[in-house]
$ cat start_12.csv   # CSV, C-alpha atoms
chain,number,residue,atom,x,y,z
Q,27,MET,CA,228.4,128.1,135.9
Q,28,ILE,CA,229.2,128.3,132.2
Q,29,LYS,CA,230.8,131.8,132.8
Q,30,PHE,CA,232.9,130.2,135.6
Q,31,PHE,CA,234.3,127.5,133.3
Q,32,ARG,CA,234.9,130.0,130.5
Q,33,LYS,CA,236.9,132.2,132.9
Q,34,ILE,CA,239.1,129.2,134.0
Q,35,ARG,CA,239.8,128.3,130.3
Q,36,TYR,CA,240.6,132.0,129.5
Q,37,ASP,CA,243.0,132.3,132.5
Q,38,LEU,CA,244.8,129.0,131.4
Q,39,MET,CA,245.2,130.2,127.9
Q,40,GLU,CA,246.4,133.7,129.1
Q,41,LYS,CA,249.1,132.1,131.3
Q,42,ASN,CA,250.0,129.7,128.4
Q,43,LYS,CA,249.4,126.7,130.5
Q,44,THR,CA,248.4,124.5,127.5
Q,45,GLY,CA,249.0,121.2,129.2
Q,46,LYS,CA,246.8,122.0,132.1
Q,47,TYR,CA,244.1,123.4,129.8
Q,48,LEU,CA,244.1,120.1,127.8
Q,49,LYS,CA,243.7,118.1,130.9
Q,50,TYR,CA,240.9,120.3,132.0
Q,51,ALA,CA,239.2,120.1,128.6
Q,52,ILE,CA,239.5,116.3,128.6
Q,53,GLY,CA,238.1,116.2,132.1
Q,54,GLU,CA,235.2,118.5,131.1
Q,55,ILE,CA,234.4,116.2,128.1
Q,56,ILE,CA,234.4,113.2,130.4
Q,57,LEU,CA,232.1,114.9,132.9
Q,58,VAL,CA,229.7,115.8,130.0
Q,59,VAL,CA,229.8,112.2,128.7
Q,60,ILE,CA,229.1,110.9,132.2
Q,61,GLY,CA,226.3,113.3,132.6
Q,62,ILE,CA,224.7,112.2,129.4
Q,63,LEU,CA,225.1,108.6,130.3
Q,64,ILE,CA,223.5,109.2,133.7
Q,65,ALA,CA,220.6,111.1,132.0
Q,66,LEU,CA,220.1,108.2,129.5
Q,67,GLN,CA,220.2,105.7,132.3
Q,68,ILE,CA,217.6,107.6,134.3
Q,69,ASN,CA,215.5,107.9,131.2
Q,70,ASN,CA,215.8,104.2,130.5
Q,71,TRP,CA,214.9,103.4,134.1
Q,72,ASN,CA,211.8,105.6,133.9
Q,73,GLU,CA,210.8,104.0,130.6
Q,74,ASN,CA,211.3,100.5,131.9
Q,75,ARG,CA,209.4,101.3,135.1
Q,76,LYS,CA,206.5,102.6,133.0
Q,77,ALA,CA,206.6,99.5,130.8
Q,78,THR,CA,206.7,97.3,133.8
Q,79,ASN,CA,203.7,99.1,135.4
Q,80,GLU,CA,201.7,98.8,132.2
Q,81,GLU,CA,202.7,95.1,131.9
Q,82,VAL,CA,201.4,94.5,135.4
Q,83,LYS,CA,198.1,96.1,134.5
Q,84,ILE,CA,197.9,93.9,131.4
Q,85,LEU,CA,198.7,90.7,133.3
Q,86,ASN,CA,196.1,91.6,135.9
Q,87,ALA,CA,193.4,92.1,133.2
Q,88,LEU,CA,194.4,88.8,131.5
Q,89,HIS,CA,194.3,87.0,134.8
Q,90,SER,CA,190.8,88.3,135.5
Q,91,ASP,CA,189.6,87.2,132.1
Q,92,PHE,CA,191.1,83.8,132.2
Q,93,LYS,CA,189.9,83.1,135.7
Q,94,VAL,CA,186.4,83.6,134.5
Q,95,SER,CA,187.1,81.5,131.4
Q,96,LYS,CA,188.4,78.7,133.6
Q,97,GLU,CA,185.2,78.8,135.6
Q,98,ARG,CA,183.1,78.7,132.4
Q,99,ILE,CA,185.0,75.8,130.9
Q,100,GLU,CA,184.9,73.8,134.1
Q,101,GLU,CA,181.1,74.3,134.4
Q,102,THR,CA,180.7,73.4,130.7
Q,103,ILE,CA,182.7,70.2,131.1
Q,104,LYS,CA,180.7,69.2,134.1
Q,105,ILE,CA,177.4,69.7,132.3
Q,106,GLN,CA,178.7,68.2,129.1
Q,107,SER,CA,179.8,65.1,130.9
Q,108,LYS,CA,176.3,64.7,132.2
Q,109,VAL,CA,174.8,65.1,128.7
Q,110,LEU,CA,177.1,62.5,127.3
Q,111,ASN,CA,176.4,60.1,130.2
Q,112,TYR,CA,172.6,60.5,129.8
Q,113,SER,CA,172.9,60.0,126.0
Q,114,GLN,CA,174.8,56.8,126.5
Q,115,ILE,CA,172.2,55.5,129.1
Q,116,LEU,CA,169.4,56.1,126.5
Q,117,ILE,CA,171.3,54.3,123.8
Q,118,ARG,CA,172.1,51.3,126.1
Q,119,ILE,CA,168.3,51.0,127.0
Q,120,HIS,CA,167.5,51.1,123.3
Q,121,GLU,CA,170.0,48.4,122.5
Q,122,ARG,CA,168.9,46.1,125.3
Q,123,GLN,CA,165.2,46.4,124.3
Q,124,ASN,CA,164.3,45.2,127.8
Q,125,LYS,CA,160.5,45.2,128.2
Q,126,SER,CA,160.7,45.7,131.9
Q,127,GLU,CA,162.8,48.8,131.4
Q,128,CYS,CA,160.3,50.2,129.0
Q,129,GLN,CA,157.5,49.5,131.5
Q,130,TYR,CA,159.5,51.2,134.2
Q,131,PHE,CA,159.8,54.4,132.2
Q,132,ASP,CA,156.2,54.3,131.2
Q,133,THR,CA,155.4,54.6,134.9
Q,134,HIS,CA,158.3,57.0,135.6
Q,135,LEU,CA,157.9,59.6,132.9
Q,136,ASP,CA,159.8,62.2,135.0
Q,137,SER,CA,162.8,60.0,134.7
Q,138,LEU,CA,162.3,59.6,130.9
Q,139,SER,CA,161.8,63.3,130.5
Q,140,ASN,CA,165.0,64.0,132.4
Q,141,LEU,CA,167.0,61.5,130.3
Q,142,ILE,CA,165.8,63.0,127.0
Q,143,GLY,CA,166.1,66.6,128.2
Q,144,TYR,CA,169.8,66.2,129.2
Q,145,GLY,CA,170.7,63.5,126.7
Q,146,THR,CA,169.8,65.8,123.8
Q,147,ALA,CA,171.3,69.1,125.1
Q,148,TRP,CA,174.3,70.8,123.6
Q,149,TYR,CA,176.9,73.0,125.3
Q,150,ARG,CA,180.1,74.7,124.5
Q,151,ALA,CA,182.2,77.1,126.6
Q,152,GLU,CA,182.6,80.8,125.8
Q,153,PRO,CA,185.9,82.1,127.2
Q,154,VAL,CA,186.4,85.8,127.9
Q,155,THR,CA,189.0,87.3,125.5
Q,156,GLY,CA,188.4,91.0,125.9
Q,157,ALA,CA,191.7,91.9,127.5
Q,158,TYR,CA,193.7,89.9,124.9
Q,159,ASN,CA,191.8,91.4,122.0
Q,160,SER,CA,192.3,94.9,123.3
Q,161,LEU,CA,196.0,94.1,123.7
Q,162,ILE,CA,196.3,93.0,120.1
Q,163,SER,CA,194.2,95.9,118.7
Q,164,ALA,CA,196.5,98.4,120.5
Q,165,GLY,CA,199.6,96.6,119.2
Q,166,LYS,CA,201.0,96.2,122.8
Q,167,ILE,CA,201.4,92.4,122.8
Q,168,ASP,CA,205.2,92.9,123.1
Q,169,LEU,CA,204.8,94.5,126.5
Q,170,ILE,CA,204.4,90.9,127.7
Q,171,LYS,CA,208.0,90.0,128.1
Q,172,ASN,CA,207.5,86.3,128.7
Q,173,LYS,CA,207.7,84.6,125.3
Q,174,ASP,CA,206.1,81.4,126.5
Q,175,LEU,CA,203.1,83.3,127.8
Q,176,ARG,CA,202.7,85.2,124.5
Q,177,GLN,CA,202.8,81.9,122.6
Q,178,LEU,CA,200.3,80.2,124.9
Q,179,LEU,CA,197.9,83.2,124.6
Q,180,ALA,CA,198.1,83.2,120.8
Q,181,GLN,CA,197.6,79.4,120.6
Q,182,PHE,CA,194.6,79.4,122.9
Q,183,ILE,CA,192.9,82.3,121.0
Q,184,ALA,CA,193.6,80.7,117.6
Q,185,ASP,CA,192.2,77.3,118.8
Q,186,PHE,CA,189.1,79.0,120.2
Q,187,GLU,CA,188.4,81.2,117.2
Q,188,SER,CA,188.8,78.3,114.8
Q,189,GLY,CA,185.5,77.2,116.2
Q,190,PHE,CA,184.2,73.7,116.9
Q,191,GLU,CA,184.1,71.5,113.8
Q,192,ASP,CA,180.9,69.8,114.9
Q,193,HIS,CA,178.9,72.9,115.4
Q,194,GLU,CA,176.7,72.8,112.3
Q,195,THR,CA,176.4,69.0,112.4
Q,196,SER,CA,175.4,69.0,116.1
Q,197,ILE,CA,172.7,71.7,115.5
Q,198,GLN,CA,171.3,69.6,112.6
Q,199,LEU,CA,171.3,66.5,114.7
Q,200,LEU,CA,169.6,68.3,117.6
Q,201,ALA,CA,166.8,69.5,115.2
Q,202,LYS,CA,166.3,65.9,114.0
Q,203,LEU,CA,166.1,64.6,117.6
Q,204,ASN,CA,163.7,67.3,118.6
Q,205,ASN,CA,161.5,66.5,115.6
Q,206,GLU,CA,161.3,62.9,116.8
Q,207,THR,CA,160.1,63.8,120.3
Q,208,ASP,CA,157.9,66.9,119.6
Q,209,HIS,CA,154.7,64.9,119.4
Q,210,PHE,CA,155.0,63.6,123.0
Q,211,ILE,CA,157.3,66.0,124.8
Q,212,LEU,CA,154.3,67.7,126.5
Q,213,LYS,CA,153.0,64.4,127.7
Q,214,ILE,CA,156.2,63.4,129.4
Q,215,ALA,CA,157.1,66.9,130.8
Q,216,ASP,CA,157.9,66.3,134.5
Q,217,ASN,CA,155.4,67.5,137.1
Q,218,LYS,CA,157.9,69.9,138.7
Q,219,THR,CA,158.2,71.8,135.4
Q,220,ARG,CA,154.4,71.7,134.9
Q,221,LYS,CA,153.9,73.2,138.4
Q,222,ASN,CA,156.5,75.9,137.7
Q,223,ASP,CA,154.7,76.8,134.5
Q,224,ASN,CA,151.3,76.7,136.1
Q,225,TYR,CA,150.1,73.6,134.3
Q,226,ASN,CA,148.2,70.7,135.9
Q,227,SER,CA,150.1,67.6,137.0
Q,228,ARG,CA,149.9,64.6,134.7
Q,229,LYS,CA,146.7,62.5,135.3
Q,230,ASN,CA,148.3,59.3,134.3
Q,231,ASP,CA,151.9,58.2,134.0
Q,232,SER,CA,151.1,55.0,132.1
Q,233,LEU,CA,150.9,56.5,128.6
Q,234,LYS,CA,152.8,53.6,126.8
Q,235,ILE,CA,155.2,56.1,125.4
Q,236,ALA,CA,158.5,54.5,126.4
Q,237,GLU,CA,158.2,51.3,124.5
Q,238,SER,CA,157.6,53.0,121.1
Q,239,PHE,CA,160.2,55.6,121.9
Q,240,PHE,CA,163.0,53.1,122.6
Q,241,LYS,CA,162.2,51.3,119.3
Q,242,ASN,CA,162.8,54.4,117.2
Q,243,ASP,CA,165.9,53.4,115.3
Q,244,SER,CA,166.1,56.8,113.5
Q,245,TYR,CA,166.2,58.7,116.8
Q,246,PHE,CA,168.9,56.5,118.3
Q,247,GLY,CA,171.0,56.5,115.2
Q,248,ASN,CA,171.1,60.3,115.3
Q,249,LEU,CA,171.7,60.3,119.1
Q,250,PHE,CA,174.6,57.9,118.6
Q,251,LEU,CA,176.2,60.4,116.1
Q,252,LYS,CA,175.6,63.3,118.5
Q,253,SER,CA,177.2,61.4,121.3
Q,254,ASN,CA,180.3,60.9,119.3
Q,255,ASP,CA,180.5,64.6,118.5
Q,256,GLU,CA,179.8,65.3,122.2
Q,257,GLY,CA,182.7,63.2,123.2
Q,258,HIS,CA,185.1,64.9,120.8
Q,259,ARG,CA,183.9,68.3,122.0
Q,260,LEU,CA,184.3,67.3,125.6
Q,261,GLU,CA,188.0,66.3,125.0
Q,262,ARG,CA,188.6,69.5,123.2
Q,263,GLN,CA,187.3,71.6,126.0
Q,264,LYS,CA,189.4,69.6,128.5
Q,265,HIS,CA,192.4,70.6,126.4
Q,266,MET,CA,191.2,74.2,126.5
Q,267,LEU,CA,191.1,74.0,130.3
Q,268,GLU,CA,194.7,72.7,130.4
Q,269,GLN,CA,195.7,75.7,128.3
Q,270,VAL,CA,193.9,78.1,130.6
Q,271,ASN,CA,195.6,76.6,133.7
Q,272,SER,CA,199.0,76.9,132.1
Q,273,ILE,CA,198.3,80.6,131.2
Q,274,LEU,CA,197.1,81.4,134.7
Q,275,ASN,CA,200.1,79.7,136.3
Q,276,ILE,CA,202.6,81.7,134.2
Q,277,ILE,CA,200.7,85.0,134.8
Q,278,LYS,CA,200.8,84.3,138.6
Q,279,GLN,CA,204.5,83.7,138.4
Q,280,GLU,CA,205.1,86.8,136.3
Q,281,LEU,CA,203.1,89.0,138.7
Q,282,GLY,CA,204.9,87.5,141.7
Q,283,ASN,CA,208.3,88.4,140.1
Q,284,LYS,CA,207.4,91.9,139.1
Q,285,LEU,CA,205.7,92.8,142.4
Q,286,SER,CA,208.3,91.3,144.7
$ encode --input "start_12.csv" --output "structure tokens"
Amino acid sequence: MIKFFRKIRYDLMEKNKTGKYLKYAIGEIILVVIGILIALQINNWNENRKATNEEVKILNALHSDFKVSKERIEETIKIQSKVLNYSQILIRIHERQNKSECQYFDTHLDSLSNLIGYGTAWYRAEPVTGAYNSLISAGKIDLIKNKDLRQLLAQFIADFESGFEDHETSIQLLAKLNNETDHFILKIADNKTRKNDNYNSRKNDSLKIAESFFKNDSYFGNLFLKSNDEGHRLERQKHMLEQVNSILNIIKQELGNKLS
């Protein structure tokens, strides 16, 4: 092909057809430029296709992680709400100091055990962040084209990694609450738990534990402080759930656009 074009140029010069040669040269240059532009366009298309395919893989991985995170947070909120409710029930019984209520729990130690067990529990959600962390480590965060999604991801991870402010305080309060009940926790352990652990059922439910327990001002002061922390943590995890839902909605939209 090159020899063919050279021959044409040579013939034109030999015949002194300068005007035609110049037109031909200009045309050849234009064809070369067009060829280069087409090659660049094809290369750009291939690169964009590769980037889109990789972004789809990233979005799918993020979707899988945040779907699990959503389930974990929802379950934590459900259990945490129960913990807060049981703590408040215990505190209200303490404040009422109703003798008939104390007598009721003295003869229904399973109920008292259940209230104390849940009322003094502590939960926090653990989201799955593997896909996002890998993305950051590889320096590929810019492959996610949606700026709103990038910002939401960064904000969620920053909020989560900052930790829960009440963590240390809550653990200390839990230790204090457990110390206050250690001396009778075996006595009030519910019969179902005893059976599962191969212990004998309680011989007598009327052990006069409830009345002294509900008069323990130290215990209920600490439980009140824990309840306040529990309420704040519950609200924070509800906010985390809102963030996760927003992230999942945007990912779903992005995948729909790219796969359509």
$ closest_residue --input "start_12.csv" --among "Q:Leu179, Q:Leu251, Q:Leu57, Q:Leu141" --to "Leu88 (chain Q)" --atoms "all atoms listed in the file"
Q:Leu179
$ atom_distance --input "start_12.csv" --atom1 "CA of Tyr225 (chain Q)" --atom2 "CA of Asn242 (chain Q)"
28.7 Å
$ residues_around --input "start_12.csv" --residues "Phe131 (chain Q)" --least-positions-apart "2" --cutoff "9 Å" --atoms "all atoms listed in the file" --output "list of chain:residue names"
Q:Ser126, Q:Glu127, Q:Cys128, Q:Gln129, Q:Thr133, Q:His134, Q:Leu135, Q:Asp136, Q:Ser137, Q:Leu138, Q:Asp231, Q:Ser232, Q:Lys234, Q:Ile235, Q:Ala236, Q:Glu237
$ residues_around --input "start_12.csv" --residues "Asp216 (chain Q)" --least-positions-apart "2" --cutoff "10 Å" --atoms "only C-alpha atoms" --output "mmCIF file with C-alpha atoms, in the coordinates of the input"
data_model
loop_
_atom_site.group_PDB
_atom_site.id
_atom_site.type_symbol
_atom_site.label_atom_id
_atom_site.label_comp_id
_atom_site.auth_asym_id
_atom_site.auth_seq_id
_atom_site.Cartn_x
_atom_site.Cartn_y
_atom_site.Cartn_z
ATOM 1 C CA HIS Q 134 158.300 57.000 135.600
ATOM 2 C CA LEU Q 135 157.900 59.600 132.900
ATOM 3 C CA ASP Q 136 159.800 62.200 135.000
ATOM 4 C CA SER Q 137 162.800 60.000 134.700
ATOM 5 C CA LEU Q 138 162.300 59.600 130.900
ATOM 6 C CA SER Q 139 161.800 63.300 130.500
ATOM 7 C CA ASN Q 140 165.000 64.000 132.400
ATOM 8 C CA ILE Q 211 157.300 66.000 124.800
ATOM 9 C CA LEU Q 212 154.300 67.700 126.500
ATOM 10 C CA LYS Q 213 153.000 64.400 127.700
ATOM 11 C CA ILE Q 214 156.200 63.400 129.400
ATOM 12 C CA LYS Q 218 157.900 69.900 138.700
ATOM 13 C CA THR Q 219 158.200 71.800 135.400
ATOM 14 C CA ARG Q 220 154.400 71.700 134.900
ATOM 15 C CA LYS Q 221 153.900 73.200 138.400
ATOM 16 C CA SER Q 227 150.100 67.600 137.000
ATOM 17 C CA ARG Q 228 149.900 64.600 134.700
#
$ residues_around --input "start_12.csv" --residues "region 110-114 of chain Q" --least-positions-apart "6" --cutoff "9 Å" --atoms "all atoms listed in the file" --output "list in words"
Asn140, Leu141, Ile142, Tyr144, Gly145, Thr146, Leu249, Phe250, Lys252, Ser253, Asn254, Glu256, Gly257 and Leu260 of chain Q
$ residues_around --input "start_12.csv" --residues "Glu101 (chain Q)" --least-positions-apart "4" --cutoff "12 Å" --atoms "only C-alpha atoms" --output "PDB file with C-alpha atoms, in the coordinates of the input"
ATOM      1  CA  VAL Q  94     186.400  83.600 134.500  1.00  0.00           C
ATOM      2  CA  SER Q  95     187.100  81.500 131.400  1.00  0.00           C
ATOM      3  CA  LYS Q  96     188.400  78.700 133.600  1.00  0.00           C
ATOM      4  CA  GLU Q  97     185.200  78.800 135.600  1.00  0.00           C
ATOM      5  CA  ILE Q 105     177.400  69.700 132.300  1.00  0.00           C
ATOM      6  CA  GLN Q 106     178.700  68.200 129.100  1.00  0.00           C
ATOM      7  CA  SER Q 107     179.800  65.100 130.900  1.00  0.00           C
ATOM      8  CA  LYS Q 108     176.300  64.700 132.200  1.00  0.00           C
ATOM      9  CA  TYR Q 149     176.900  73.000 125.300  1.00  0.00           C
ATOM     10  CA  ARG Q 150     180.100  74.700 124.500  1.00  0.00           C
ATOM     11  CA  ALA Q 151     182.200  77.100 126.600  1.00  0.00           C
ATOM     12  CA  GLU Q 152     182.600  80.800 125.800  1.00  0.00           C
ATOM     13  CA  PRO Q 153     185.900  82.100 127.200  1.00  0.00           C
ATOM     14  CA  LEU Q 260     184.300  67.300 125.600  1.00  0.00           C
ATOM     15  CA  GLN Q 263     187.300  71.600 126.000  1.00  0.00           C
ATOM     16  CA  LYS Q 264     189.400  69.600 128.500  1.00  0.00           C
ATOM     17  CA  LEU Q 267     191.100  74.000 130.300  1.00  0.00           C
TER      18      LEU Q 267
END
$ closest_residue --input "start_12.csv" --among "Q:Asn226, Q:Gln279, Q:Gln269, Q:Ser196" --to "Ile99 (chain Q)" --atoms "all atoms listed in the file"
Q:Gln269
$ residues_around --input "start_12.csv" --residues "Asp91 (chain Q)" --least-positions-apart "6" --cutoff "9 Å" --atoms "only C-alpha atoms" --output "JSON, numbers by chain"
{"Q": [153, 154, 155, 156, 157, 158]}
$ closest_residue --input "start_12.csv" --among "Q:Leu199, Q:Ala147, Q:Ile170, Q:Ala65" --to "Asn86 (chain Q)" --atoms "only C-alpha atoms"
Q:Ile170
$ atom_distance --input "start_12.csv" --atom1 "CA of Glu121 (chain Q)" --atom2 "CA of Gly143 (chain Q)"
19.5 Å
$ atom_distance --input "start_12.csv" --atom1 "CA of Leu285 (chain Q)" --atom2 "CA of Val82 (chain Q)"
8.4 Å
$ closest_residue --input "start_12.csv" --among "Q:Thr207, Q:Asn248, Q:Thr102, Q:Ser160" --to "Met266 (chain Q)" --atoms "all atoms listed in the file"
Q:Thr102
$ closest_residue --input "start_12.csv" --among "Q:Ile103, Q:Trp148, Q:Ile55, Q:Gln181" --to "Leu200 (chain Q)" --atoms "all atoms listed in the file"
Q:Trp148
$ closest_residue --input "start_12.csv" --among "Q:Leu233, Q:Ile197, Q:Ile276, Q:Val270" --to "Lys93 (chain Q)" --atoms "all atoms listed in the file"
Q:Val270
$ build_atoms --input "start_12.csv" --residues "region 145-159 of chain Q" --atoms "N, CA and C atoms" --output "compact mmCIF listing (two decimals), keeping the file's coordinate frame"
# COMPACT_ATOMS: atom_id res chain seq x y z
N GLY Q 145 169.98 64.34 127.72
CA GLY Q 145 170.70 63.50 126.70
C GLY Q 145 170.71 64.21 125.34
N THR Q 146 169.80 65.14 125.10
CA THR Q 146 169.80 65.80 123.80
C THR Q 146 170.16 67.29 123.89
N ALA Q 147 170.81 67.68 125.00
CA ALA Q 147 171.30 69.10 125.10
C ALA Q 147 172.60 69.26 124.42
N TRP Q 148 172.99 70.52 124.26
CA TRP Q 148 174.30 70.80 123.60
C TRP Q 148 174.89 72.04 124.27
N TYR Q 149 176.17 71.89 124.62
CA TYR Q 149 176.90 73.00 125.30
C TYR Q 149 178.27 73.16 124.74
N ARG Q 150 178.74 74.39 124.84
CA ARG Q 150 180.10 74.70 124.50
C ARG Q 150 180.52 75.92 125.37
N ALA Q 151 181.77 75.98 125.80
CA ALA Q 151 182.20 77.10 126.60
C ALA Q 151 182.49 78.32 125.81
N GLU Q 152 182.29 79.49 126.43
CA GLU Q 152 182.60 80.80 125.80
C GLU Q 152 183.59 81.53 126.66
N PRO Q 153 184.88 81.37 126.37
CA PRO Q 153 185.90 82.10 127.20
C PRO Q 153 185.80 83.59 127.02
N VAL Q 154 186.37 84.31 127.98
CA VAL Q 154 186.40 85.80 127.90
C VAL Q 154 187.75 86.19 127.33
N THR Q 155 187.72 86.94 126.24
CA THR Q 155 189.00 87.30 125.50
C THR Q 155 189.12 88.81 125.34
N GLY Q 156 188.36 89.60 126.10
CA GLY Q 156 188.40 91.00 125.90
C GLY Q 156 189.75 91.67 126.12
N ALA Q 157 190.44 91.30 127.20
CA ALA Q 157 191.70 91.90 127.50
C ALA Q 157 192.76 91.56 126.42
N TYR Q 158 192.76 90.31 125.96
CA TYR Q 158 193.70 89.90 124.90
C TYR Q 158 193.40 90.62 123.60
N ASN Q 159 192.13 90.69 123.23
CA ASN Q 159 191.80 91.40 122.00
C ASN Q 159 192.14 92.84 122.01
